[in-house]
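**Student:** Pasting structure_10.pdb below, which is PDB, N, CA and C atoms, pLDDT in the B column.
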MODEL        1
ATOM      1  N   MET A   1     -80.673 -21.775 -77.217  1.00 58.00           N
ATOM      2  CA  MET A   1     -81.111 -22.877 -76.401  1.00 58.00           C
ATOM      3  C   MET A   1     -82.509 -22.562 -75.855  1.00 58.00           C
ATOM      4  N   THR A   2     -83.380 -23.541 -75.875  1.00 63.00           N
ATOM      5  CA  THR A   2     -84.735 -23.370 -75.383  1.00 63.00           C
ATOM      6  C   THR A   2     -84.833 -23.890 -73.955  1.00 63.00           C
ATOM      7  N   TYR A   3     -85.459 -23.116 -73.116  1.00 72.00           N
ATOM      8  CA  TYR A   3     -85.643 -23.511 -71.726  1.00 72.00           C
ATOM      9  C   TYR A   3     -87.111 -23.716 -71.447  1.00 72.00           C
ATOM     10  N   TYR A   4     -87.421 -24.645 -70.580  1.00 84.00           N
ATOM     11  CA  TYR A   4     -88.793 -24.793 -70.130  1.00 84.00           C
ATOM     12  C   TYR A   4     -88.861 -24.302 -68.687  1.00 84.00           C
ATOM     13  N   MET A   5     -90.018 -23.888 -68.275  1.00 91.00           N
ATOM     14  CA  MET A   5     -90.185 -23.402 -66.910  1.00 91.00           C
ATOM     15  C   MET A   5     -90.543 -24.561 -65.996  1.00 91.00           C
ATOM     16  N   THR A   6     -89.864 -24.638 -64.878  1.00 94.00           N
ATOM     17  CA  THR A   6     -90.187 -25.647 -63.883  1.00 94.00           C
ATOM     18  C   THR A   6     -91.500 -25.277 -63.202  1.00 94.00           C
ATOM     19  N   TYR A   7     -92.044 -26.218 -62.456  1.00 94.00           N
ATOM     20  CA  TYR A   7     -93.270 -25.944 -61.704  1.00 94.00           C
ATOM     21  C   TYR A   7     -93.049 -24.782 -60.740  1.00 94.00           C
ATOM     22  N   PHE A   8     -91.888 -24.752 -60.088  1.00 95.00           N
ATOM     23  CA  PHE A   8     -91.572 -23.668 -59.154  1.00 95.00           C
ATOM     24  C   PHE A   8     -91.568 -22.323 -59.878  1.00 95.00           C
ATOM     25  N   GLN A   9     -90.918 -22.264 -61.033  1.00 96.00           N
ATOM     26  CA  GLN A   9     -90.867 -21.017 -61.798  1.00 96.00           C
ATOM     27  C   GLN A   9     -92.261 -20.579 -62.231  1.00 96.00           C
ATOM     28  N   LYS A  10     -93.062 -21.511 -62.719  1.00 95.00           N
ATOM     29  CA  LYS A  10     -94.434 -21.180 -63.122  1.00 95.00           C
ATOM     30  C   LYS A  10     -95.219 -20.630 -61.937  1.00 95.00           C
ATOM     31  N   SER A  11     -95.009 -21.231 -60.773  1.00 95.00           N
ATOM     32  CA  SER A  11     -95.738 -20.802 -59.571  1.00 95.00           C
ATOM     33  C   SER A  11     -95.366 -19.393 -59.147  1.00 95.00           C
ATOM     34  N   ILE A  12     -94.070 -19.069 -59.151  1.00 96.00           N
ATOM     35  CA  ILE A  12     -93.675 -17.725 -58.716  1.00 96.00           C
ATOM     36  C   ILE A  12     -94.042 -16.675 -59.743  1.00 96.00           C
ATOM     37  N   VAL A  13     -94.059 -17.051 -61.023  1.00 95.00           N
ATOM     38  CA  VAL A  13     -94.507 -16.119 -62.061  1.00 95.00           C
ATOM     39  C   VAL A  13     -96.014 -15.891 -61.924  1.00 95.00           C
ATOM     40  N   ALA A  14     -96.773 -16.960 -61.715  1.00 96.00           N
ATOM     41  CA  ALA A  14     -98.232 -16.846 -61.593  1.00 96.00           C
ATOM     42  C   ALA A  14     -98.636 -15.982 -60.402  1.00 96.00           C
ATOM     43  N   LYS A  15     -97.839 -16.000 -59.346  1.00 96.00           N
ATOM     44  CA  LYS A  15     -98.132 -15.194 -58.159  1.00 96.00           C
ATOM     45  C   LYS A  15     -97.485 -13.806 -58.229  1.00 96.00           C
ATOM     46  N   ASN A  16     -96.970 -13.454 -59.415  1.00 95.00           N
ATOM     47  CA  ASN A  16     -96.345 -12.148 -59.650  1.00 95.00           C
ATOM     48  C   ASN A  16     -95.218 -11.843 -58.667  1.00 95.00           C
ATOM     49  N   LEU A  17     -94.425 -12.850 -58.357  1.00 96.00           N
ATOM     50  CA  LEU A  17     -93.307 -12.660 -57.434  1.00 96.00           C
ATOM     51  C   LEU A  17     -91.998 -12.326 -58.150  1.00 96.00           C
ATOM     52  N   VAL A  18     -91.948 -12.567 -59.453  1.00 94.00           N
ATOM     53  CA  VAL A  18     -90.708 -12.330 -60.199  1.00 94.00           C
ATOM     54  C   VAL A  18     -90.677 -10.882 -60.665  1.00 94.00           C
ATOM     55  N   PRO A  19     -89.677 -10.126 -60.214  1.00 89.00           N
ATOM     56  CA  PRO A  19     -89.580  -8.720 -60.637  1.00 89.00           C
ATOM     57  C   PRO A  19     -89.355  -8.610 -62.148  1.00 89.00           C
ATOM     58  N   ALA A  20     -89.829  -7.533 -62.717  1.00 91.00           N
ATOM     59  CA  ALA A  20     -89.648  -7.286 -64.155  1.00 91.00           C
ATOM     60  C   ALA A  20     -88.171  -7.322 -64.509  1.00 91.00           C
ATOM     61  N   GLY A  21     -87.878  -7.962 -65.610  1.00 92.00           N
ATOM     62  CA  GLY A  21     -86.509  -8.021 -66.098  1.00 92.00           C
ATOM     63  C   GLY A  21     -85.644  -9.093 -65.463  1.00 92.00           C
ATOM     64  N   ILE A  22     -86.204  -9.876 -64.552  1.00 95.00           N
ATOM     65  CA  ILE A  22     -85.450 -10.939 -63.889  1.00 95.00           C
ATOM     66  C   ILE A  22     -85.925 -12.284 -64.430  1.00 95.00           C
ATOM     67  N   ASP A  23     -84.979 -13.124 -64.796  1.00 96.00           N
ATOM     68  CA  ASP A  23     -85.280 -14.457 -65.314  1.00 96.00           C
ATOM     69  C   ASP A  23     -85.677 -15.360 -64.145  1.00 96.00           C
ATOM     70  N   PRO A  24     -86.834 -16.018 -64.201  1.00 97.00           N
ATOM     71  CA  PRO A  24     -87.247 -16.892 -63.107  1.00 97.00           C
ATOM     72  C   PRO A  24     -86.263 -18.044 -62.857  1.00 97.00           C
ATOM     73  N   ARG A  25     -85.522 -18.460 -63.898  1.00 97.00           N
ATOM     74  CA  ARG A  25     -84.503 -19.494 -63.703  1.00 97.00           C
ATOM     75  C   ARG A  25     -83.417 -18.997 -62.763  1.00 97.00           C
ATOM     76  N   HIS A  26     -83.089 -17.723 -62.876  1.00 97.00           N
ATOM     77  CA  HIS A  26     -82.060 -17.143 -62.018  1.00 97.00           C
ATOM     78  C   HIS A  26     -82.543 -17.087 -60.574  1.00 97.00           C
ATOM     79  N   ILE A  27     -83.813 -16.723 -60.389  1.00 97.00           N
ATOM     80  CA  ILE A  27     -84.392 -16.705 -59.044  1.00 97.00           C
ATOM     81  C   ILE A  27     -84.312 -18.105 -58.438  1.00 97.00           C
ATOM     82  N   GLU A  28     -84.774 -19.100 -59.187  1.00 97.00           N
ATOM     83  CA  GLU A  28     -84.755 -20.471 -58.675  1.00 97.00           C
ATOM     84  C   GLU A  28     -83.330 -20.934 -58.383  1.00 97.00           C
ATOM     85  N   GLY A  29     -82.396 -20.561 -59.224  1.00 97.00           N
ATOM     86  CA  GLY A  29     -80.998 -20.943 -58.999  1.00 97.00           C
ATOM     87  C   GLY A  29     -80.460 -20.412 -57.688  1.00 97.00           C
ATOM     88  N   TYR A  30     -80.674 -19.148 -57.421  1.00 97.00           N
ATOM     89  CA  TYR A  30     -80.176 -18.568 -56.169  1.00 97.00           C
ATOM     90  C   TYR A  30     -80.875 -19.176 -54.955  1.00 97.00           C
ATOM     91  N   ILE A  31     -82.166 -19.398 -55.049  1.00 97.00           N
ATOM     92  CA  ILE A  31     -82.874 -20.010 -53.922  1.00 97.00           C
ATOM     93  C   ILE A  31     -82.359 -21.432 -53.695  1.00 97.00           C
ATOM     94  N   SER A  32     -82.047 -22.138 -54.766  1.00 96.00           N
ATOM     95  CA  SER A  32     -81.543 -23.505 -54.647  1.00 96.00           C
ATOM     96  C   SER A  32     -80.172 -23.571 -53.985  1.00 96.00           C
ATOM     97  N   LEU A  33     -79.418 -22.497 -54.049  1.00 95.00           N
ATOM     98  CA  LEU A  33     -78.126 -22.468 -53.352  1.00 95.00           C
ATOM     99  C   LEU A  33     -78.323 -22.617 -51.842  1.00 95.00           C
ATOM    100  N   ALA A  34     -79.382 -22.030 -51.338  1.00 93.00           N
ATOM    101  CA  ALA A  34     -79.625 -22.026 -49.888  1.00 93.00           C
ATOM    102  C   ALA A  34     -80.552 -23.141 -49.424  1.00 93.00           C
ATOM    103  N   HIS A  35     -81.361 -23.659 -50.341  1.00 94.00           N
ATOM    104  CA  HIS A  35     -82.363 -24.658 -49.959  1.00 94.00           C
ATOM    105  C   HIS A  35     -82.285 -25.855 -50.906  1.00 94.00           C
ATOM    106  N   PRO A  36     -81.827 -26.987 -50.405  1.00 88.00           N
ATOM    107  CA  PRO A  36     -81.679 -28.157 -51.273  1.00 88.00           C
ATOM    108  C   PRO A  36     -82.995 -28.661 -51.859  1.00 88.00           C
ATOM    109  N   THR A  37     -84.104 -28.388 -51.174  1.00 91.00           N
ATOM    110  CA  THR A  37     -85.412 -28.724 -51.724  1.00 91.00           C
ATOM    111  C   THR A  37     -86.335 -27.524 -51.552  1.00 91.00           C
ATOM    112  N   LEU A  38     -87.038 -27.193 -52.606  1.00 92.00           N
ATOM    113  CA  LEU A  38     -87.922 -26.032 -52.562  1.00 92.00           C
ATOM    114  C   LEU A  38     -89.309 -26.409 -52.067  1.00 92.00           C
ATOM    115  N   ASN A  39     -89.604 -27.695 -52.048  1.00 90.00           N
ATOM    116  CA  ASN A  39     -90.931 -28.157 -51.633  1.00 90.00           C
ATOM    117  C   ASN A  39     -91.248 -27.837 -50.182  1.00 90.00           C
ATOM    118  N   SER A  40     -90.232 -27.701 -49.362  1.00 91.00           N
ATOM    119  CA  SER A  40     -90.471 -27.494 -47.936  1.00 91.00           C
ATOM    120  C   SER A  40     -90.708 -26.023 -47.580  1.00 91.00           C
ATOM    121  N   LEU A  41     -90.559 -25.129 -48.550  1.00 95.00           N
ATOM    122  CA  LEU A  41     -90.715 -23.701 -48.274  1.00 95.00           C
ATOM    123  C   LEU A  41     -92.181 -23.284 -48.308  1.00 95.00           C
ATOM    124  N   SER A  42     -92.576 -22.484 -47.340  1.00 96.00           N
ATOM    125  CA  SER A  42     -93.922 -21.917 -47.337  1.00 96.00           C
ATOM    126  C   SER A  42     -93.934 -20.703 -48.271  1.00 96.00           C
ATOM    127  N   TRP A  43     -95.125 -20.224 -48.610  1.00 96.00           N
ATOM    128  CA  TRP A  43     -95.199 -19.054 -49.489  1.00 96.00           C
ATOM    129  C   TRP A  43     -94.578 -17.814 -48.851  1.00 96.00           C
ATOM    130  N   PRO A  44     -94.745 -17.567 -47.561  1.00 97.00           N
ATOM    131  CA  PRO A  44     -94.025 -16.429 -46.975  1.00 97.00           C
ATOM    132  C   PRO A  44     -92.499 -16.576 -47.090  1.00 97.00           C
ATOM    133  N   GLN A  45     -92.004 -17.806 -46.920  1.00 97.00           N
ATOM    134  CA  GLN A  45     -90.563 -18.034 -47.082  1.00 97.00           C
ATOM    135  C   GLN A  45     -90.143 -17.821 -48.532  1.00 97.00           C
ATOM    136  N   ILE A  46     -90.955 -18.291 -49.463  1.00 96.00           N
ATOM    137  CA  ILE A  46     -90.632 -18.132 -50.884  1.00 96.00           C
ATOM    138  C   ILE A  46     -90.586 -16.651 -51.237  1.00 96.00           C
ATOM    139  N   ARG A  47     -91.543 -15.876 -50.765  1.00 96.00           N
ATOM    140  CA  ARG A  47     -91.546 -14.427 -51.045  1.00 96.00           C
ATOM    141  C   ARG A  47     -90.254 -13.779 -50.539  1.00 96.00           C
ATOM    142  N   ARG A  48     -89.843 -14.157 -49.340  1.00 97.00           N
ATOM    143  CA  ARG A  48     -88.611 -13.619 -48.762  1.00 97.00           C
ATOM    144  C   ARG A  48     -87.396 -14.044 -49.586  1.00 97.00           C
ATOM    145  N   GLU A  49     -87.345 -15.310 -49.960  1.00 97.00           N
ATOM    146  CA  GLU A  49     -86.214 -15.825 -50.736  1.00 97.00           C
ATOM    147  C   GLU A  49     -86.142 -15.195 -52.125  1.00 97.00           C
ATOM    148  N   VAL A  50     -87.293 -14.917 -52.736  1.00 97.00           N
ATOM    149  CA  VAL A  50     -87.301 -14.263 -54.049  1.00 97.00           C
ATOM    150  C   VAL A  50     -86.676 -12.872 -53.933  1.00 97.00           C
ATOM    151  N   LYS A  51     -87.019 -12.144 -52.883  1.00 97.00           N
ATOM    152  CA  LYS A  51     -86.430 -10.804 -52.689  1.00 97.00           C
ATOM    153  C   LYS A  51     -84.922 -10.888 -52.497  1.00 97.00           C
ATOM    154  N   ILE A  52     -84.474 -11.862 -51.720  1.00 97.00           N
ATOM    155  CA  ILE A  52     -83.038 -12.041 -51.511  1.00 97.00           C
ATOM    156  C   ILE A  52     -82.363 -12.417 -52.827  1.00 97.00           C
ATOM    157  N   ALA A  53     -82.971 -13.337 -53.575  1.00 97.00           N
ATOM    158  CA  ALA A  53     -82.402 -13.758 -54.859  1.00 97.00           C
ATOM    159  C   ALA A  53     -82.299 -12.583 -55.824  1.00 97.00           C
ATOM    160  N   LYS A  54     -83.344 -11.746 -55.863  1.00 97.00           N
ATOM    161  CA  LYS A  54     -83.312 -10.570 -56.739  1.00 97.00           C
ATOM    162  C   LYS A  54     -82.141  -9.662 -56.375  1.00 97.00           C
ATOM    163  N   ASP A  55     -81.948  -9.425 -55.090  1.00 97.00           N
ATOM    164  CA  ASP A  55     -80.830  -8.585 -54.647  1.00 97.00           C
ATOM    165  C   ASP A  55     -79.490  -9.193 -55.044  1.00 97.00           C
ATOM    166  N   CYS A  56     -79.379 -10.513 -54.944  1.00 97.00           N
ATOM    167  CA  CYS A  56     -78.141 -11.200 -55.342  1.00 97.00           C
ATOM    168  C   CYS A  56     -77.901 -11.066 -56.843  1.00 97.00           C
ATOM    169  N   ILE A  57     -78.957 -11.209 -57.629  1.00 97.00           N
ATOM    170  CA  ILE A  57     -78.828 -11.097 -59.087  1.00 97.00           C
ATOM    171  C   ILE A  57     -78.383  -9.691 -59.460  1.00 97.00           C
ATOM    172  N   VAL A  58     -78.972  -8.689 -58.835  1.00 96.00           N
ATOM    173  CA  VAL A  58     -78.584  -7.305 -59.114  1.00 96.00           C
ATOM    174  C   VAL A  58     -77.123  -7.074 -58.716  1.00 96.00           C
ATOM    175  N   ALA A  59     -76.724  -7.601 -57.564  1.00 97.00           N
ATOM    176  CA  ALA A  59     -75.358  -7.394 -57.076  1.00 97.00           C
ATOM    177  C   ALA A  59     -74.332  -8.175 -57.894  1.00 97.00           C
ATOM    178  N   ASP A  60     -74.648  -9.427 -58.237  1.00 96.00           N
ATOM    179  CA  ASP A  60     -73.680 -10.298 -58.904  1.00 96.00           C
ATOM    180  C   ASP A  60     -73.701 -10.189 -60.422  1.00 96.00           C
ATOM    181  N   GLY A  61     -74.834  -9.775 -60.984  1.00 96.00           N
ATOM    182  CA  GLY A  61     -74.961  -9.670 -62.435  1.00 96.00           C
ATOM    183  C   GLY A  61     -75.606 -10.902 -63.046  1.00 96.00           C
ATOM    184  N   THR A  62     -76.116 -10.720 -64.239  1.00 96.00           N
ATOM    185  CA  THR A  62     -76.847 -11.808 -64.899  1.00 96.00           C
ATOM    186  C   THR A  62     -75.938 -12.936 -65.370  1.00 96.00           C
ATOM    187  N   GLU A  63     -74.676 -12.639 -65.658  1.00 97.00           N
ATOM    188  CA  GLU A  63     -73.771 -13.718 -66.080  1.00 97.00           C
ATOM    189  C   GLU A  63     -73.560 -14.712 -64.950  1.00 97.00           C
ATOM    190  N   ALA A  64     -73.343 -14.223 -63.751  1.00 97.00           N
ATOM    191  CA  ALA A  64     -73.181 -15.108 -62.589  1.00 97.00           C
ATOM    192  C   ALA A  64     -74.482 -15.857 -62.324  1.00 97.00           C
ATOM    193  N   ALA A  65     -75.616 -15.156 -62.427  1.00 97.00           N
ATOM    194  CA  ALA A  65     -76.915 -15.784 -62.204  1.00 97.00           C
ATOM    195  C   ALA A  65     -77.161 -16.890 -63.222  1.00 97.00           C
ATOM    196  N   GLU A  66     -76.762 -16.665 -64.457  1.00 97.00           N
ATOM    197  CA  GLU A  66     -76.935 -17.693 -65.498  1.00 97.00           C
ATOM    198  C   GLU A  66     -76.076 -18.908 -65.204  1.00 97.00           C
ATOM    199  N   ARG A  67     -74.847 -18.689 -64.776  1.00 97.00           N
ATOM    200  CA  ARG A  67     -73.978 -19.833 -64.421  1.00 97.00           C
ATOM    201  C   ARG A  67     -74.584 -20.655 -63.284  1.00 97.00           C
ATOM    202  N   ILE A  68     -75.144 -19.966 -62.293  1.00 97.00           N
ATOM    203  CA  ILE A  68     -75.769 -20.669 -61.165  1.00 97.00           C
ATOM    204  C   ILE A  68     -76.979 -21.458 -61.655  1.00 97.00           C
ATOM    205  N   ALA A  69     -77.822 -20.826 -62.462  1.00 96.00           N
ATOM    206  CA  ALA A  69     -79.000 -21.517 -62.991  1.00 96.00           C
ATOM    207  C   ALA A  69     -78.588 -22.760 -63.785  1.00 96.00           C
ATOM    208  N   GLN A  70     -77.593 -22.612 -64.625  1.00 95.00           N
ATOM    209  CA  GLN A  70     -77.140 -23.762 -65.430  1.00 95.00           C
ATOM    210  C   GLN A  70     -76.556 -24.854 -64.566  1.00 95.00           C
ATOM    211  N   SER A  71     -75.916 -24.478 -63.461  1.00 96.00           N
ATOM    212  CA  SER A  71     -75.334 -25.493 -62.582  1.00 96.00           C
ATOM    213  C   SER A  71     -76.404 -26.382 -61.952  1.00 96.00           C
ATOM    214  N   PHE A  72     -77.637 -25.873 -61.868  1.00 94.00           N
ATOM    215  CA  PHE A  72     -78.761 -26.655 -61.357  1.00 94.00           C
ATOM    216  C   PHE A  72     -79.586 -27.257 -62.494  1.00 94.00           C
ATOM    217  N   GLY A  73     -79.102 -27.146 -63.712  1.00 92.00           N
ATOM    218  CA  GLY A  73     -79.803 -27.696 -64.856  1.00 92.00           C
ATOM    219  C   GLY A  73     -81.027 -26.904 -65.275  1.00 92.00           C
ATOM    220  N   LEU A  74     -81.040 -25.625 -64.911  1.00 93.00           N
ATOM    221  CA  LEU A  74     -82.188 -24.785 -65.236  1.00 93.00           C
ATOM    222  C   LEU A  74     -81.964 -24.024 -66.536  1.00 93.00           C
TER     223      LEU A  74
ENDMDL
END
Turn the structure described in the file into structure tokens.

**Tutor:**
Amino acid sequence: MTYYMTYFQKSIVAKNLVPAGIDPRHIEGYISLAHPTLNSLSWPQIRREVKIAKDCIVADGTEAAERIAQSFGL
């Protein structure tokens, strides 16, 4: 299956916020669990949320992260 990157994913990748080996879709999925809209987040908030999402992905595993991403259509 081919995925395209959302504007949010492109933005966090461009700002080097996505840790190596982490899928930006997974980051966006976890952040979307806590924030119904990502547009209202400031860059300091996004940086904090990316770190939290990374920790969740490491703790829960990539299979859970993929299910979450798919649940948001990512």

**Student:** Quick check, in Å to one decimal: how far apart do atom N of Ser71 of chain A and atom CA of Gly29 of chain A lie?

**Tutor:** 7.6 Å

**Student:** Could you list, as a ChimeraX atom specification, every residue within 6.5 Å of segment 46-50 of chain A, counting all atoms listed in the file and ignoring same-chain residues fewer than 5 positions away?

**Tutor:** /A:27,31,41,55

**Student:** Measuring atom to atom with all atoms listed in the file, identify which of A:Gly73, A:Ile22, A:Phe8, A:Ala14 is nearest to Leu38 of chain A.

**Tutor:** A:Phe8

**Student:** State, in Å with one decimal place, the distance from atom CA of Ile68 of chain A to atom CA of His26 of chain A.

**Tutor:** 7.3 Å

**Student:** If the PyMOL selection byres (((chain A and resi 6 and name CA) around 12) and name CA) were run on this exact file, what residues would it hold? Put them as a list in words.

**Tutor:**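 Taken over the shown coordinates, the PyMOL selection byres (((chain A and resi 6 and name CA) around 12) and name CA) returns Tyr3, Tyr4, Met5, Tyr7, Phe8, Gln9, Lys10, Ser11, Ile12, Val13, Pro24, Arg25, His26, Ile27, Glu28, Gly29, Leu38, Ala69, Phe72, Gly73 and Leu74 of chain A.
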
**Student:** What does the distance from atom N of Gln45 of chain A to atom CA of Ala59 of chain A come to in Å, to one decimal?

**Tutor:** 22.1 Å

**Student:** Can you tell me, as AutoDock Vina command-line options, the centre and edge lengths (Å, one decimal) of the axis-aligned box enclosing all of segment 32-39 of chain A's listed atoms after padding each side by 4 Å?

**Tutor:**
--center_x -84.7 --center_y -25.4 --center_z -52.1 --size_x 21.1 --size_y 14.7 --size_z 13.3

**Student:** What parts of chain A does DSSP call helix (DSSP H, G or I)? I'd like the answer as a PyMOL selection string.

**Tutor:** chain A and resi 7-14+24-34+43-60+62-71

**Student:** Smallest atom-to-atom distance to Val18 of chain A: which of A:Lys51, A:Asp60, A:Ala65, A:Tyr30, using only C-alpha atoms?

**Tutor:**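 That would be A:Lys51, the residue with the smallest distance to Val18 of chain A.
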